[in-house]
file protein.csv (CSV, C-alpha atoms and all ligand atoms)
chain,number,residue,atom,x,y,z
O,813,MET,CA,71.8,68.9,99.1
O,814,MET,CA,69.4,71.4,97.3
O,815,ARG,CA,69.5,75.1,98.2
O,816,GLU,CA,65.9,76.4,98.3
O,817,GLN,CA,66.9,80.1,98.1
O,818,PRO,CA,69.9,82.0,97.0
O,819,VAL,CA,71.9,82.7,100.1
O,820,SER,CA,73.0,86.1,101.3
O,821,VAL,CA,76.7,86.6,102.2
O,822,PRO,CA,78.5,89.8,103.0
O,823,ALA,CA,81.2,89.1,100.4
O,824,ALA,CA,78.5,89.0,97.7
O,825,ALA,CA,77.2,92.5,98.4
O,826,ASP,CA,79.3,94.3,95.7
O,827,ARG,CA,82.5,94.0,93.8
O,828,GLU,CA,84.7,95.6,96.5
O,829,SER,CA,83.4,93.2,99.2
O,830,PHE,CA,83.9,90.2,97.0
O,831,ILE,CA,87.5,91.1,96.1
O,832,ALA,CA,88.2,92.0,99.7
O,833,ALA,CA,87.0,88.6,100.9
O,834,LEU,CA,89.2,86.9,98.3
O,835,VAL,CA,92.3,89.0,99.3
O,836,SER,CA,91.7,88.3,103.0
O,837,ALA,CA,91.9,84.6,102.2
O,838,LEU,CA,95.6,85.1,101.9
O,839,GLU,CA,95.8,85.5,105.7
O,840,ASP,CA,94.6,81.9,106.1
O,841,ASP,CA,96.8,78.8,106.3
O,842,ASP,CA,95.0,77.4,103.3
O,843,PRO,CA,94.0,80.3,101.1
O,844,GLN,CA,92.7,78.2,98.3
O,845,ARG,CA,90.1,76.5,100.5
O,846,VAL,CA,88.9,79.9,101.7
O,847,VAL,CA,88.8,81.3,98.1
O,848,GLU,CA,86.8,78.2,97.0
O,849,ARG,CA,84.2,78.8,99.8
O,850,VAL,CA,83.9,82.5,99.1
O,851,LEU,CA,83.5,81.9,95.3
O,852,ALA,CA,81.0,79.1,95.8
O,853,ASP,CA,78.9,81.1,98.4
O,854,CYS,CA,78.9,84.3,96.3
O,855,LEU,CA,77.9,82.4,93.1
O,856,GLN,CA,75.0,81.0,95.1
O,857,ALA,CA,74.1,84.4,96.5
O,858,TRP,CA,74.2,86.0,93.0
O,859,ASP,CA,72.4,83.0,91.6
O,860,GLY,CA,74.4,83.6,88.4
O,861,ARG,CA,76.3,86.7,87.1
O,862,PRO,CA,76.8,89.4,89.7
O,863,GLU,CA,75.3,92.7,88.5
O,864,TRP,CA,78.6,94.5,88.5
O,865,LEU,CA,79.9,92.3,85.7
O,866,PRO,CA,78.8,93.0,82.1
O,867,PRO,CA,76.7,90.4,80.4
O,868,ALA,CA,78.6,87.6,78.8
O,869,THR,CA,77.9,88.6,75.2
O,870,CYS,CA,81.5,88.6,73.8
O,871,ALA,CA,84.9,87.0,74.6
O,872,ARG,CA,86.5,88.6,77.7
O,873,LEU,CA,89.7,88.2,79.6
O,874,GLU,CA,89.6,91.0,82.0
O,875,MET,CA,91.4,91.7,85.2
O,876,LEU,CA,89.3,92.2,88.4
O,877,HIS,CA,92.2,92.2,90.8
O,878,GLU,CA,96.0,92.0,90.5
O,879,SER,CA,98.5,91.7,93.3
O,880,PRO,CA,101.6,89.6,94.0
O,881,GLY,CA,99.6,87.1,96.0
O,882,LEU,CA,96.3,86.9,94.1
O,883,THR,CA,94.9,87.5,90.6
O,884,VAL,CA,91.1,87.5,89.9
O,885,MET,CA,89.9,87.5,86.3
O,886,HIS,CA,86.6,87.6,84.5
O,887,VAL,CA,86.7,85.1,81.7
O,888,VAL,CA,84.1,84.7,79.0
O,889,TRP,CA,84.5,81.7,76.7
O,890,PRO,CA,83.1,82.0,73.1
O,891,PRO,CA,80.9,79.1,72.0
O,892,PHE,CA,82.8,75.8,71.5
O,893,MET,CA,86.2,77.4,72.2
O,894,SER,CA,89.0,75.1,73.3
O,895,THR,CA,92.4,76.0,74.8
O,896,GLU,CA,95.7,74.1,74.4
O,897,PRO,CA,97.0,72.3,77.5
O,898,HIS,CA,98.6,74.8,79.9
O,899,ASP,CA,99.7,75.3,83.4
O,900,HIS,CA,99.4,78.3,85.7
O,901,GLY,CA,102.5,77.9,88.0
O,902,MET,CA,100.2,78.5,91.0
O,903,TRP,CA,96.9,77.2,92.4
O,904,ALA,CA,93.8,78.2,90.5
O,905,THR,CA,90.1,78.1,91.5
O,906,LEU,CA,87.5,78.5,88.8
O,907,GLY,CA,83.8,79.4,89.3
O,908,LEU,CA,81.1,79.6,86.7
O,909,TYR,CA,78.1,81.9,86.7
O,910,GLN,CA,76.8,80.6,83.4
O,911,GLY,CA,77.6,77.9,80.8
O,912,ARG,CA,80.0,75.0,81.1
O,913,GLU,CA,83.8,74.4,81.2
O,914,ASN,CA,85.0,70.9,80.4
O,915,ASN,CA,88.5,70.4,81.8
O,916,ILE,CA,90.9,67.7,80.6
O,917,LEU,CA,93.6,67.2,83.1
O,918,TRP,CA,97.1,66.3,82.0
O,919,ALA,CA,100.4,65.1,83.5
O,920,ARG,CA,103.9,64.4,82.1
O,921,ASP,CA,105.1,60.8,81.9
O,922,ALA,CA,108.7,59.6,82.6
O,923,GLU,CA,109.8,61.0,79.2
O,924,ARG,CA,108.0,64.3,80.1
O,925,ARG,CA,105.5,63.7,77.4
O,926,LEU,CA,102.0,64.9,78.0
O,927,VAL,CA,99.3,62.3,78.9
O,928,ALA,CA,95.7,62.8,79.7
O,929,VAL,CA,95.0,61.6,83.2
O,930,GLY,CA,91.5,62.9,84.0
O,931,ALA,CA,88.6,65.1,83.2
O,932,HIS,CA,86.3,67.4,85.2
O,933,SER,CA,83.2,69.3,84.0
O,934,ILE,CA,81.9,72.3,85.8
O,935,GLY,CA,78.5,74.0,85.2
O,936,ARG,CA,76.7,77.0,86.5
O,937,LEU,CA,77.4,78.0,90.1
O,938,GLU,CA,80.0,75.3,90.4
O,939,VAL,CA,83.6,75.7,91.5
O,940,PHE,CA,86.7,73.7,90.6
O,941,SER,CA,90.1,73.9,92.2
O,942,LEU,CA,93.4,73.0,90.6
O,943,PRO,CA,96.7,72.5,92.5
O,944,ALA,CA,99.8,74.5,91.6
O,945,ASP,CA,101.3,71.7,89.5
O,946,ALA,CA,98.1,71.1,87.5
O,947,ILE,CA,98.1,71.1,83.7
O,948,HIS,CA,94.7,71.4,82.0
O,949,SER,CA,92.9,72.3,78.8
O,950,VAL,CA,89.4,73.8,78.7
O,951,ASN,CA,86.6,73.4,76.3
O,952,ASN,CA,83.3,75.3,76.2
O,953,PRO,CA,81.0,72.6,74.9
O,954,VAL,CA,77.9,74.8,74.3
O,955,ASN,CA,76.8,77.1,71.6
O,956,GLY,CA,76.7,80.1,73.9
O,957,TYR,CA,79.1,82.1,76.1
O,958,THR,CA,80.4,80.5,79.3
O,959,GLY,CA,81.0,83.1,82.0
O,960,ALA,CA,83.6,82.5,84.8
O,961,ILE,CA,85.5,84.1,87.5
O,962,HIS,CA,89.0,82.6,87.8
O,963,VAL,CA,91.1,83.1,90.9
O,964,TYR,CA,94.9,82.4,90.9
O,965,GLY,CA,97.1,82.2,93.9
O,966,GLY,CA,99.8,84.6,92.7
O,967,ASP,CA,100.8,87.2,90.2
O,968,PHE,CA,99.3,85.4,87.2
O,969,LEU,CA,100.2,87.9,84.5
O,970,ASN,CA,103.9,88.2,85.5
O,971,SER,CA,104.8,84.7,86.4
O,972,PRO,CA,106.3,82.0,84.0
O,973,LYS,CA,103.8,79.6,82.6
O,974,ARG,CA,103.9,76.7,80.1
O,975,GLU,CA,101.6,75.5,77.4
O,976,TRP,CA,101.7,72.6,75.0
O,977,ASP,CA,100.9,72.5,71.3
O,978,PRO,CA,97.5,70.8,71.0
O,979,LEU,CA,98.5,68.7,68.1
O,980,ASP,CA,102.1,67.4,68.8
O,981,PHE,CA,102.4,68.5,72.5
O,982,THR,CA,105.5,70.5,71.9
O,983,GLU,CA,106.1,72.4,75.2
O,984,ARG,CA,106.6,76.2,75.0
O,985,ALA,CA,106.4,79.3,77.2
O,986,ARG,CA,102.8,80.4,77.6
O,987,ASP,CA,102.1,83.6,75.8
O,988,LEU,CA,99.0,85.4,77.1
O,989,GLU,CA,98.8,87.6,74.1
O,990,ARG,CA,98.5,84.5,71.9
O,991,THR,CA,95.7,83.3,74.4
O,992,ARG,CA,94.0,86.7,74.0
O,993,ALA,CA,94.2,86.4,70.2
O,994,ALA,CA,92.7,82.9,70.4
O,995,PHE,CA,89.8,84.2,72.4
O,996,GLU,CA,89.2,86.9,69.8
O,997,ALA,CA,89.6,84.5,66.9
O,998,ALA,CA,87.1,82.0,68.4
O,999,ASP,CA,84.7,84.9,69.1
O,1000,SER,CA,84.8,86.2,65.5
O,1001,GLY,CA,83.9,82.7,64.4
O,1002,ALA,CA,81.0,82.5,66.9
O,1003,GLY,CA,77.6,82.0,65.3
O,1004,GLU,CA,79.0,81.6,61.7
O,1005,GLU,CA,77.6,78.1,61.5
O,1006,GLU,CA,74.1,79.3,62.4
B,1101,FE,FE,93.8,77.5,82.9
call {"tool": "encode", "arguments": {"input": "protein.csv", "output": "structure tokens", "more": "lines below"}}
Ligand SMILES: [Fe+2]
result
Amino acid sequence: MMREQPVSVPAAADRESFIAALVSALEDDDPQRVVERVLADCLQAWDGRPEWLPPATCARLEMLHESPGLTVMHVVWPPFMSTEPHDHGMWATLGLYQGRENNILWARDAERRLVAVGAHSIGRLEVFSLPADAIHSVNNPVNGYTGAIHVYGGDFLNSPKREWDPLDFTERARDLERTRAAFEAADSGAGEEE
């Protein structure tokens, strides 16, 4: 169904109201469904990037909220960047205010080897939820920055996570500093081909 006008919701009023609405989702029996709805409604109301976020003009991995039950991050993907397959160890809900995220979904077979089992593409104002046991890799397929708000159902920075080498699928502990370095490396290459 088409939305004629951007909607107005209290949670979209400012950064504090948005974060408070996400945090209060933890009181619900199904917090991820509530987070999904808050994120989708706010993206519609903002009709893109909320004014309290800086423009997506460089790679960003910045914390908007951090607590034992919930982590909210502003993620800006450089043009054409791809990640290795990784898990989060908790549910995750991803919402985009600009650009596109192509997700490959992975699972482990009987020998615990990684196999691709699906794909899901999300675009501007769309939201995508992953269960706690999900493994995914992400690609920004466009020659521009993709801007997203990622919500995780736990203490994302301080919980154990796994990642898999993109070439031979060797499993290892996820190192967020390596992830941050990959964002910066992809960003420094952005635009070089133009
Ligand atoms: Fe992820």
call {"tool": "residues_around", "arguments": {"input": "protein.csv", "residues": "Asp980 (chain O)", "least_positions_apart": "4", "cutoff": "12 Å", "atoms": "only C-alpha atoms", "output": "list in words"}}
result
Glu896, Pro897, Arg925, Leu926, Val927, Glu975, Trp976 and Arg984 of chain O
call {"tool": "residues_near_point", "arguments": {"input": "protein.csv", "point": "(82.3, 89.3, 104.8)", "cutoff": "10 Å", "atoms": "all atoms listed in the file", "output": "PDB file with C-alpha atoms, in the frame of the given file"}}
result
ATOM      1  CA  VAL O 821      76.700  86.600 102.200  1.00  0.00           C
ATOM      2  CA  PRO O 822      78.500  89.800 103.000  1.00  0.00           C
ATOM      3  CA  ALA O 823      81.200  89.100 100.400  1.00  0.00           C
ATOM      4  CA  ALA O 824      78.500  89.000  97.700  1.00  0.00           C
ATOM      5  CA  ALA O 825      77.200  92.500  98.400  1.00  0.00           C
ATOM      6  CA  SER O 829      83.400  93.200  99.200  1.00  0.00           C
ATOM      7  CA  PHE O 830      83.900  90.200  97.000  1.00  0.00           C
ATOM      8  CA  ALA O 832      88.200  92.000  99.700  1.00  0.00           C
ATOM      9  CA  ALA O 833      87.000  88.600 100.900  1.00  0.00           C
ATOM     10  CA  LEU O 834      89.200  86.900  98.300  1.00  0.00           C
ATOM     11  CA  SER O 836      91.700  88.300 103.000  1.00  0.00           C
ATOM     12  CA  VAL O 850      83.900  82.500  99.100  1.00  0.00           C
TER      13      VAL O 850
END
call {"tool": "residues_near_ligand", "arguments": {"input": "protein.csv", "ligand": "ligand FE 1101 (chain B)", "cutoff": "9 Å", "atoms": "only C-alpha atoms and all ligand atoms", "output": "list in words"}}
result
Thr895, Pro897, His898, Asp899, His900, Ala904, Leu906, Asn915, Leu942, Ala946, Ile947, His948, Ser949, Val950 and His962 of chain O
call {"tool": "write_last_selection", "arguments": {"input": "protein.csv", "atoms": "C-alpha atoms", "output": "mmCIF file, in the coordinates of the input"}}
result
data_model
loop_
_atom_site.group_PDB
_atom_site.id
_atom_site.type_symbol
_atom_site.label_atom_id
_atom_site.label_comp_id
_atom_site.auth_asym_id
_atom_site.auth_seq_id
_atom_site.Cartn_x
_atom_site.Cartn_y
_atom_site.Cartn_z
ATOM 1 C CA THR O 895 92.400 76.000 74.800
ATOM 2 C CA PRO O 897 97.000 72.300 77.500
ATOM 3 C CA HIS O 898 98.600 74.800 79.900
ATOM 4 C CA ASP O 899 99.700 75.300 83.400
ATOM 5 C CA HIS O 900 99.400 78.300 85.700
ATOM 6 C CA ALA O 904 93.800 78.200 90.500
ATOM 7 C CA LEU O 906 87.500 78.500 88.800
ATOM 8 C CA ASN O 915 88.500 70.400 81.800
ATOM 9 C CA LEU O 942 93.400 73.000 90.600
ATOM 10 C CA ALA O 946 98.100 71.100 87.500
ATOM 11 C CA ILE O 947 98.100 71.100 83.700
ATOM 12 C CA HIS O 948 94.700 71.400 82.000
ATOM 13 C CA SER O 949 92.900 72.300 78.800
ATOM 14 C CA VAL O 950 89.400 73.800 78.700
ATOM 15 C CA HIS O 962 89.000 82.600 87.800
#
call {"tool": "residues_around", "arguments": {"input": "protein.csv", "residues": "Glu848 (chain O)", "least_positions_apart": "4", "cutoff": "7 Å", "atoms": "all atoms listed in the file", "output": "VMD selection string"}}
result
chain O and resid 844 852 905 939
call {"tool": "residues_around", "arguments": {"input": "protein.csv", "residues": "Ala960 (chain O)", "least_positions_apart": "2", "cutoff": "12 Å", "atoms": "all atoms listed in the file", "output": "PyMOL selection string"}}
result
chain O and resi 851-852+855+860-862+865-868+871-874+876+884-890+905-913+934-940+952+957-958+962-963
call {"tool": "atom_distance", "arguments": {"input": "protein.csv", "atom1": "CA of Ala997 (chain O)", "atom2": "CA of Leu969 (chain O)"}}
result
20.8 Å
call {"tool": "atom_distance", "arguments": {"input": "protein.csv", "atom1": "CA of Arg990 (chain O)", "atom2": "CA of Pro978 (chain O)"}}
result
13.8 Å
call {"tool": "closest_residue", "arguments": {"input": "protein.csv", "among": "O:Tyr964, O:Asn914, O:Gly901, O:Ala994", "to": "Ala944 (chain O)", "atoms": "all atoms listed in the file"}}
result
O:Gly901
call {"tool": "closest_residue", "arguments": {"input": "protein.csv", "among": "O:Glu863, O:Glu839, O:Asp999, O:Asp967", "to": "Asn955 (chain O)", "atoms": "only C-alpha atoms"}}
result
O:Asp999
call {"tool": "closest_residue", "arguments": {"input": "protein.csv", "among": "O:Val846, O:Trp903, O:Ser820, O:Gly1001", "to": "Asp859 (chain O)", "atoms": "all atoms listed in the file"}}
result
O:Ser820
call {"tool": "atom_distance", "arguments": {"input": "protein.csv", "atom1": "CA of Ala837 (chain O)", "atom2": "CA of Gly965 (chain O)"}}
result
10.1 Å
call {"tool": "build_atoms", "arguments": {"input": "protein.csv", "residues": "region 928-953 of chain O", "atoms": "N, CA and C atoms", "output": "CSV table (one decimal), in the coordinates of the input"}}
result
chain,number,residue,atom,x,y,z
O,928,ALA,N,96.9,62.4,79.1
O,928,ALA,CA,95.7,62.8,79.7
O,928,ALA,C,95.4,61.9,80.9
O,929,VAL,N,95.1,62.5,82.0
O,929,VAL,CA,95.0,61.6,83.2
O,929,VAL,C,93.6,61.8,83.9
O,930,GLY,N,92.8,62.7,83.4
O,930,GLY,CA,91.5,62.9,84.0
O,930,GLY,C,90.6,64.0,83.3
O,931,ALA,N,89.4,64.1,83.8
O,931,ALA,CA,88.6,65.1,83.2
O,931,ALA,C,87.6,65.6,84.4
O,932,HIS,N,87.2,66.9,84.2
O,932,HIS,CA,86.3,67.4,85.2
O,932,HIS,C,85.4,68.5,84.5
O,933,SER,N,84.1,68.3,84.6
O,933,SER,CA,83.2,69.3,84.0
O,933,SER,C,82.6,70.1,85.1
O,934,ILE,N,82.6,71.4,84.9
O,934,ILE,CA,81.9,72.3,85.8
O,934,ILE,C,80.8,73.1,85.1
O,935,GLY,N,79.7,73.3,85.8
O,935,GLY,CA,78.5,74.0,85.2
O,935,GLY,C,78.2,75.2,86.1
O,936,ARG,N,77.1,75.8,85.8
O,936,ARG,CA,76.7,77.0,86.5
O,936,ARG,C,76.7,76.9,88.0
O,937,LEU,N,77.3,77.9,88.6
O,937,LEU,CA,77.4,78.0,90.1
O,937,LEU,C,78.3,77.0,90.7
O,938,GLU,N,79.1,76.3,89.9
O,938,GLU,CA,80.0,75.3,90.4
O,938,GLU,C,81.4,75.9,90.4
O,939,VAL,N,82.2,75.3,91.3
O,939,VAL,CA,83.6,75.7,91.5
O,939,VAL,C,84.5,74.5,91.4
O,940,PHE,N,85.7,74.8,90.8
O,940,PHE,CA,86.7,73.7,90.6
O,940,PHE,C,88.1,74.2,91.0
O,941,SER,N,88.8,73.5,91.8
O,941,SER,CA,90.1,73.9,92.2
O,941,SER,C,91.2,73.1,91.6
O,942,LEU,N,92.3,73.7,91.2
O,942,LEU,CA,93.4,73.0,90.6
O,942,LEU,C,94.6,73.3,91.5
O,943,PRO,N,95.5,72.3,91.7
O,943,PRO,CA,96.7,72.5,92.5
O,943,PRO,C,97.7,73.3,91.7
O,944,ALA,N,98.8,73.7,92.3
O,944,ALA,CA,99.8,74.5,91.6
O,944,ALA,C,100.5,73.8,90.5
O,945,ASP,N,100.6,72.5,90.6
O,945,ASP,CA,101.3,71.7,89.5
O,945,ASP,C,100.3,71.2,88.4
O,946,ALA,N,99.1,71.7,88.4
O,946,ALA,CA,98.1,71.1,87.5
O,946,ALA,C,98.4,71.6,86.1
O,947,ILE,N,98.1,70.7,85.1
O,947,ILE,CA,98.1,71.1,83.7
O,947,ILE,C,96.6,70.8,83.2
O,948,HIS,N,96.0,71.7,82.6
O,948,HIS,CA,94.7,71.4,82.0
O,948,HIS,C,94.4,72.1,80.7
O,949,SER,N,93.4,71.6,80.0
O,949,SER,CA,92.9,72.3,78.8
O,949,SER,C,91.4,72.5,79.1
O,950,VAL,N,90.8,73.5,78.4
O,950,VAL,CA,89.4,73.8,78.7
O,950,VAL,C,88.7,73.9,77.4
O,951,ASN,N,87.5,73.4,77.4
O,951,ASN,CA,86.6,73.4,76.3
O,951,ASN,C,85.2,74.0,76.8
O,952,ASN,N,84.7,74.9,76.0
O,952,ASN,CA,83.3,75.3,76.2
O,952,ASN,C,82.4,74.5,75.3
O,953,PRO,N,81.7,73.6,75.8
O,953,PRO,CA,81.0,72.6,74.9
O,953,PRO,C,79.7,73.1,74.4
